[in-house]
Amino acid sequence: MYMVYMSDEEILSASLETNFWTWSAQGKVNPIPVKRADGVYFWDVHGKRYLDFNSMVMCVNIGHGNQRVIEAIANQARELAFAGPGMATRPRAVLGKLLREIVPEGLTHFLYTLGGADANENAIKLARAFTGRSKILTRYRSYHGATHGALALTGDPRRVAWEPYVMPGVVHFLDPYRYRSTFHLNRPEVSEEQFSQDYLNHLEEIIQYEGPHTIAAVLLETVTGTNGVIIPPKGYLEGVRAICDRYGILLICDEVMSGFGRTGRWFAVDHWGVKPDLMTMAKGLTSGYAPLGAVAMRQEIYEFFMDREYVGGLTFNGHPISLAAAAAVIEVMKDEHIVEHAAEMGVVMKEMLEELVERHPSVGEVRSIGLFGVIELVKDRKTREPMAPFNGFSAEMNALRKYILEQGVFLYTHWHTILLLPPLIITPEQLREGFEVIDRALEITDRMV
Ligand code: PLP
């Protein structure tokens with residue numbers, strides 16, 4: 001009866017008493033006792049309202065409290081709450097059809113997972129089996145998840161402490177991150193195309209040293225998310241595709257964060273017309289209404305396993321409630337033209353970001369694609385010294401984060417950056433509401449310049 005009788009006050013105390021908090025030192029946690037949510041807002045137990053500028057964990061793309069999705073989940077729970085991963089169910093059938101209509105051409109079959117990390121782990125297992133090769137190339141600025149294997153795939157420094165225990169066979173390469181490219185700093189004469197080519201040459205050189213015949217796949221976030229919203233420069237993604245083709249290496253695009261309308265297209269790869277061999281997704285797939293990830297694969301990869309067993313099913317893979325949630329989310333996105341709306345709001349957000357560059361000396365650069373944006377904060381625009389150390393914290397960033405939250409805007413700061421990923425249903429007025437708070441908050445970091 002706890003679910004019925006636990007008071008609002010106890011939500012926080014009992015959570016603190018019983019829960020182990022991932023991503024936190026246990027003694028330092030300060031969770032928001034969130035109670036309910038609707039649209040682009042959520043409320044805590046004290047009635048304080050937060051504007052959700054991070055779609056919770058970059059996932060509630062269609063916004064909170066969507067009644068159609070809630071109904072679909074309830075109906076599915078009533079009809080068939082669980083079926084084993086090897087069973088054909090109505091939501092499995094419906095979701096497969098819906099996904100085929102929206103994923104890049106050539107991706108025909110879907111392996112369902114519990115989230116993004118295990119989607120990536122499955123993608124590389126498929127790639128290794130299909131190619132008979134073992135190495136996987138990923139980028140240093142990537143984040144691919146926090147299970148053992150996904151942490152090994154991750155390039156960013158959060159993997160380092162775990163490195164002695166994680167999976168071997170992963171080699172990292174550099175992201176085409178112009179603002180912080182050591183080789184291109186203060187070289188505006190280098191064209192975007194040349195810049196891309198330099199980074200493609202770097203990738204190809206690594207492939208040569210590692211031995212192309214040993215490399216199963218290149219795995220990359222189409223748009224690097226957590227580590228800086230790094231948008232592929234002109235020709236880069238197409239170039240990676242061409243290099244993979246040259247050496248028989250599979251291209252895996254991680255669209256866990258960038259998928260399902262986030263960039264103003266169904267998937268970020270759609271901006272460049274690049275067709276991956278495997279594509280991973282999660283987060284926006286169900287908009288967070290239930291846990292689900294997926295690996296989309298080419299027909300040829302599917303066929304390879306026709307007479308081979310694939311060891312990989314988990315008990316809850318393809319959980320009917322999650323599949324039903326995903327199917328409902330995609331239908332809502334289509335019926336309400338949410339991807340198109342995200343593209344329009346992306347233009348509005350870009351203008352607001354540009355205004356911040358004009359007004360605040362601590363803003364070094366802003367980048368965005370659709371409703372996927374970042375503000376990069378620096379102590380000095382010339383040297384680009386970041387407002388917090390790489391892989392670290394600073395008093396200024398902490399103060400900034402605290403102020404923004406106090407003002408009722410929920411967003412994610414990472415090292416020296418502020419990430420902006422509001423729900424895709426946001427209006428211009430709601431965007432302005434959040435940007436006004438950010439504008440005031442940046443006075444804190446401006447004092448450090
Ligand atoms: N890949 C990317 C690009 C992500 O941003 C994330 C999560 O933030 C993951 C994978 C891992 O997804 P999950 O947390 O669902 O395991």
# chains A, B, ... in the order shown; residues from 1 in each chain; ligands from 1
>>> closest_atom_pairs(of="chain A", to="ligand 1", cutoff="10 Å", atoms="only C-alpha atoms and all ligand atoms", output="JSON lines")
{"residue": "A:Val57", "atom": "CA", "partner": "ligand 1", "partner_atom_place_in_ligand_line": "8 (O)", "distance": 7.2}
{"residue": "A:Met58", "atom": "CA", "partner": "ligand 1", "partner_atom_place_in_ligand_line": "8 (O)", "distance": 7.4}
{"residue": "A:Cys59", "atom": "CA", "partner": "ligand 1", "partner_atom_place_in_ligand_line": "8 (O)", "distance": 8.8}
{"residue": "A:Thr113", "atom": "CA", "partner": "ligand 1", "partner_atom_place_in_ligand_line": "15 (O)", "distance": 9.4}
{"residue": "A:Leu114", "atom": "CA", "partner": "ligand 1", "partner_atom_place_in_ligand_line": "15 (O)", "distance": 7.4}
{"residue": "A:Gly115", "atom": "CA", "partner": "ligand 1", "partner_atom_place_in_ligand_line": "15 (O)", "distance": 3.8}
{"residue": "A:Gly116", "atom": "CA", "partner": "ligand 1", "partner_atom_place_in_ligand_line": "12 (O)", "distance": 3.3}
{"residue": "A:Ala117", "atom": "CA", "partner": "ligand 1", "partner_atom_place_in_ligand_line": "16 (O)", "distance": 3.6}
{"residue": "A:Asp118", "atom": "CA", "partner": "ligand 1", "partner_atom_place_in_ligand_line": "16 (O)", "distance": 6.4}
{"residue": "A:Ala119", "atom": "CA", "partner": "ligand 1", "partner_atom_place_in_ligand_line": "16 (O)", "distance": 7.7}
{"residue": "A:Asn120", "atom": "CA", "partner": "ligand 1", "partner_atom_place_in_ligand_line": "10 (C)", "distance": 6.9}
{"residue": "A:Glu121", "atom": "CA", "partner": "ligand 1", "partner_atom_place_in_ligand_line": "10 (C)", "distance": 9.8}
{"residue": "A:Ser142", "atom": "CA", "partner": "ligand 1", "partner_atom_place_in_ligand_line": "3 (C)", "distance": 7.2}
{"residue": "A:Tyr143", "atom": "CA", "partner": "ligand 1", "partner_atom_place_in_ligand_line": "2 (C)", "distance": 5.5}
{"residue": "A:His144", "atom": "CA", "partner": "ligand 1", "partner_atom_place_in_ligand_line": "1 (N)", "distance": 3.8}
{"residue": "A:Gly145", "atom": "CA", "partner": "ligand 1", "partner_atom_place_in_ligand_line": "11 (C)", "distance": 3.6}
{"residue": "A:Ala146", "atom": "CA", "partner": "ligand 1", "partner_atom_place_in_ligand_line": "16 (O)", "distance": 6.5}
{"residue": "A:Thr147", "atom": "CA", "partner": "ligand 1", "partner_atom_place_in_ligand_line": "16 (O)", "distance": 7.4}
{"residue": "A:Ala150", "atom": "CA", "partner": "ligand 1", "partner_atom_place_in_ligand_line": "10 (C)", "distance": 7.7}
{"residue": "A:Leu151", "atom": "CA", "partner": "ligand 1", "partner_atom_place_in_ligand_line": "11 (C)", "distance": 9.3}
{"residue": "A:Leu153", "atom": "CA", "partner": "ligand 1", "partner_atom_place_in_ligand_line": "10 (C)", "distance": 9.8}
{"residue": "A:Thr154", "atom": "CA", "partner": "ligand 1", "partner_atom_place_in_ligand_line": "1 (N)", "distance": 8.6}
{"residue": "A:Leu220", "atom": "CA", "partner": "ligand 1", "partner_atom_place_in_ligand_line": "3 (C)", "distance": 8.4}
{"residue": "A:Glu221", "atom": "CA", "partner": "ligand 1", "partner_atom_place_in_ligand_line": "3 (C)", "distance": 5.6}
{"residue": "A:Thr222", "atom": "CA", "partner": "ligand 1", "partner_atom_place_in_ligand_line": "3 (C)", "distance": 8.4}
{"residue": "A:Val223", "atom": "CA", "partner": "ligand 1", "partner_atom_place_in_ligand_line": "3 (C)", "distance": 8.2}
{"residue": "A:Thr224", "atom": "CA", "partner": "ligand 1", "partner_atom_place_in_ligand_line": "3 (C)", "distance": 6.9}
{"residue": "A:Gly225", "atom": "CA", "partner": "ligand 1", "partner_atom_place_in_ligand_line": "5 (O)", "distance": 5.9}
{"residue": "A:Thr226", "atom": "CA", "partner": "ligand 1", "partner_atom_place_in_ligand_line": "5 (O)", "distance": 6.2}
{"residue": "A:Asn227", "atom": "CA", "partner": "ligand 1", "partner_atom_place_in_ligand_line": "5 (O)", "distance": 9.2}
{"residue": "A:Cys253", "atom": "CA", "partner": "ligand 1", "partner_atom_place_in_ligand_line": "3 (C)", "distance": 9.2}
{"residue": "A:Asp254", "atom": "CA", "partner": "ligand 1", "partner_atom_place_in_ligand_line": "3 (C)", "distance": 5.7}
{"residue": "A:Glu255", "atom": "CA", "partner": "ligand 1", "partner_atom_place_in_ligand_line": "3 (C)", "distance": 6.2}
{"residue": "A:Val256", "atom": "CA", "partner": "ligand 1", "partner_atom_place_in_ligand_line": "2 (C)", "distance": 4.8}
{"residue": "A:Met257", "atom": "CA", "partner": "ligand 1", "partner_atom_place_in_ligand_line": "5 (O)", "distance": 4.7}
{"residue": "A:Ser258", "atom": "CA", "partner": "ligand 1", "partner_atom_place_in_ligand_line": "3 (C)", "distance": 7.2}
{"residue": "A:Gly259", "atom": "CA", "partner": "ligand 1", "partner_atom_place_in_ligand_line": "3 (C)", "distance": 9.4}
{"residue": "A:Thr280", "atom": "CA", "partner": "ligand 1", "partner_atom_place_in_ligand_line": "1 (N)", "distance": 8.0}
{"residue": "A:Met281", "atom": "CA", "partner": "ligand 1", "partner_atom_place_in_ligand_line": "1 (N)", "distance": 7.8}
{"residue": "A:Ala282", "atom": "CA", "partner": "ligand 1", "partner_atom_place_in_ligand_line": "15 (O)", "distance": 5.8}
{"residue": "A:Lys283", "atom": "CA", "partner": "ligand 1", "partner_atom_place_in_ligand_line": "15 (O)", "distance": 6.1}
{"residue": "A:Gly284", "atom": "CA", "partner": "ligand 1", "partner_atom_place_in_ligand_line": "15 (O)", "distance": 9.9}
{"residue": "A:Gly288", "atom": "CA", "partner": "ligand 1", "partner_atom_place_in_ligand_line": "15 (O)", "distance": 9.6}
{"residue": "A:Pro291", "atom": "CA", "partner": "ligand 1", "partner_atom_place_in_ligand_line": "15 (O)", "distance": 7.8}
{"residue": "A:Leu292", "atom": "CA", "partner": "ligand 1", "partner_atom_place_in_ligand_line": "15 (O)", "distance": 7.7}
{"residue": "A:Gly293", "atom": "CA", "partner": "ligand 1", "partner_atom_place_in_ligand_line": "15 (O)", "distance": 6.9}
>>> residues_around(residues="stretch 304-317 of chain A", least_positions_apart="3", cutoff="8 Å", atoms="only C-alpha atoms", output="list in words")
Gly84, Pro85, Tyr112, Thr113, Leu114, Asn122, Phe130, Glu300 and Ile301 of chain A
>>> atom_distance(atom1="atom CA of A:Lys97", atom2="atom CA of A:Ser322")
15.6 Å
>>> atom_distance(atom1="atom CA of A:Leu356", atom2="atom CA of A:Ile438")
8.9 Å
>>> residues_around(residues="stretch 388-405 of chain A", least_positions_apart="6", cutoff="9 Å", atoms="only C-alpha atoms", output="compact mmCIF listing (two decimals) with N, CA and C atoms, in the first residue's frame")
# COMPACT_ATOMS: atom_id res chain seq x y z
N TYR A 50 9.21 23.41 -13.16
CA TYR A 50 10.46 23.50 -13.92
C TYR A 50 10.15 23.45 -15.42
N ASP A 156 35.07 9.33 -24.46
CA ASP A 156 35.33 10.44 -23.53
C ASP A 156 35.94 9.91 -22.22
N PRO A 157 36.57 10.82 -21.46
CA PRO A 157 37.40 10.36 -20.33
C PRO A 157 36.66 9.62 -19.23
N ARG A 158 35.34 9.62 -19.27
CA ARG A 158 34.63 8.87 -18.23
C ARG A 158 34.90 7.38 -18.32
N LEU A 377 31.24 27.80 -23.09
CA LEU A 377 31.64 28.95 -22.27
C LEU A 377 33.14 28.99 -22.06
N VAL A 378 33.69 30.19 -22.26
CA VAL A 378 35.15 30.35 -22.17
C VAL A 378 35.53 31.53 -21.28
N LYS A 379 36.75 31.46 -20.76
CA LYS A 379 37.25 32.57 -19.95
C LYS A 379 37.87 33.63 -20.85
N LEU A 411 18.14 22.05 -17.03
CA LEU A 411 18.98 21.73 -18.19
C LEU A 411 20.25 21.05 -17.74
N TYR A 412 21.06 20.65 -18.70
CA TYR A 412 22.25 19.86 -18.42
C TYR A 412 23.48 20.68 -18.76
N THR A 413 24.37 20.82 -17.77
CA THR A 413 25.66 21.43 -18.09
C THR A 413 26.69 20.32 -18.05
N HIS A 414 27.61 20.37 -18.98
CA HIS A 414 28.63 19.33 -19.06
C HIS A 414 29.97 20.02 -19.20
N TRP A 415 30.84 19.85 -18.17
CA TRP A 415 32.13 20.53 -18.17
C TRP A 415 31.93 22.04 -18.39
N HIS A 416 32.34 22.58 -19.54
CA HIS A 416 32.21 24.03 -19.75
C HIS A 416 31.07 24.35 -20.72
N THR A 417 30.16 23.42 -20.91
CA THR A 417 29.10 23.67 -21.88
C THR A 417 27.71 23.60 -21.24
N ILE A 418 26.77 24.28 -21.89
CA ILE A 418 25.35 24.16 -21.53
C ILE A 418 24.68 23.48 -22.71
N VAL A 437 16.23 33.16 -18.72
CA VAL A 437 16.93 32.71 -17.51
C VAL A 437 18.41 32.48 -17.83
N ILE A 438 18.68 31.84 -18.96
CA ILE A 438 20.08 31.57 -19.34
C ILE A 438 20.81 32.90 -19.53
N ARG A 440 20.30 35.75 -18.06
CA ARG A 440 20.66 36.33 -16.75
C ARG A 440 21.79 35.53 -16.10
N ALA A 441 21.73 34.21 -16.26
CA ALA A 441 22.73 33.35 -15.62
C ALA A 441 24.12 33.60 -16.19
N LEU A 442 24.19 33.95 -17.45
CA LEU A 442 25.51 34.12 -18.08
C LEU A 442 26.26 35.33 -17.52
N GLU A 443 25.54 36.19 -16.79
CA GLU A 443 26.25 37.30 -16.14
C GLU A 443 27.26 36.74 -15.12
N ILE A 444 26.96 35.57 -14.58
CA ILE A 444 27.88 34.93 -13.61
C ILE A 444 29.19 34.59 -14.30
N THR A 445 29.11 33.97 -15.47
CA THR A 445 30.35 33.57 -16.15
C THR A 445 31.03 34.77 -16.82
N MET A 448 33.97 36.33 -15.12
CA MET A 448 35.26 35.63 -15.12
C MET A 448 36.11 35.97 -16.35
>>> atom_distance(atom1="atom CA of A:Leu51", atom2="atom CA of A:Phe267")
25.2 Å
>>> select_by_dssp(residues="stretch 114-158 of chain A", states="strand (DSSP E or B)", output="ChimeraX atom specification")
/A:135-139
>>> write_last_selection(atoms="N, CA and C atoms", output="JSON list (two decimals), in the first residue's frame")
[["chain", "number", "residue", "atom", "x", "y", "z"],
["A", 135, "LYS", "N", 38.11, -5.42, -34.52],
["A", 135, "LYS", "CA", 38.29, -4.06, -33.98],
["A", 135, "LYS", "C", 37.13, -3.13, -34.32],
["A", 136, "ILE", "N", 36.90, -2.21, -33.38],
["A", 136, "ILE", "CA", 35.85, -1.20, -33.58],
["A", 136, "ILE", "C", 36.52, 0.16, -33.40],
["A", 137, "LEU", "N", 36.27, 1.07, -34.33],
["A", 137, "LEU", "CA", 36.81, 2.43, -34.22],
["A", 137, "LEU", "C", 35.70, 3.37, -33.75],
["A", 138, "THR", "N", 35.98, 4.12, -32.70],
["A", 138, "THR", "CA", 35.02, 5.14, -32.22],
["A", 138, "THR", "C", 35.78, 6.43, -31.94],
["A", 139, "ARG", "N", 35.05, 7.52, -31.72],
["A", 139, "ARG", "CA", 35.72, 8.81, -31.57],
["A", 139, "ARG", "C", 35.93, 9.19, -30.10]]
>>> select_by_dssp(residues="stretch 27-186 of chain A", states="alpha helix (DSSP H)", output="count of residues only")
52
>>> closest_residue(among="A:Val274, A:Val348, A:Ala242, A:Val374", to="A:Thr427", atoms="only C-alpha atoms")
A:Val348
>>> residues_around(residues="A:Tyr140", least_positions_apart="4", cutoff="8 Å", atoms="only C-alpha atoms", output="mmCIF file with C-alpha atoms, in the first residue's frame")
data_model
loop_
_atom_site.group_PDB
_atom_site.id
_atom_site.type_symbol
_atom_site.label_atom_id
_atom_site.label_comp_id
_atom_site.auth_asym_id
_atom_site.auth_seq_id
_atom_site.Cartn_x
_atom_site.Cartn_y
_atom_site.Cartn_z
ATOM 1 C CA THR A 154 32.829 5.522 -25.375
ATOM 2 C CA GLY A 155 35.804 7.726 -26.126
ATOM 3 C CA ASP A 156 35.328 10.438 -23.526
ATOM 4 C CA HIS A 172 39.649 5.807 -30.866
ATOM 5 C CA PHE A 173 40.056 8.609 -33.374
ATOM 6 C CA LEU A 174 39.506 12.376 -33.289
ATOM 7 C CA ASP A 175 36.228 14.188 -33.889
#
>>> closest_residue(among="A:Arg262, A:Arg367, A:Arg432, A:His148", to="A:Glu340", atoms="only C-alpha atoms")
A:Arg262
>>> closest_residue(among="A:Ala25, A:Ala74, A:Leu278, A:Met87", to="A:Tyr302", atoms="only C-alpha atoms")
A:Leu278
>>> closest_residue(among="A:Asp439, A:Glu406, A:Glu105, A:Glu336", to="A:Glu355", atoms="only C-alpha atoms")
A:Asp439
>>> closest_residue(among="A:Glu385, A:Leu420, A:Ala152, A:Phe410", to="A:Ile32", atoms="only C-alpha atoms")
A:Phe410
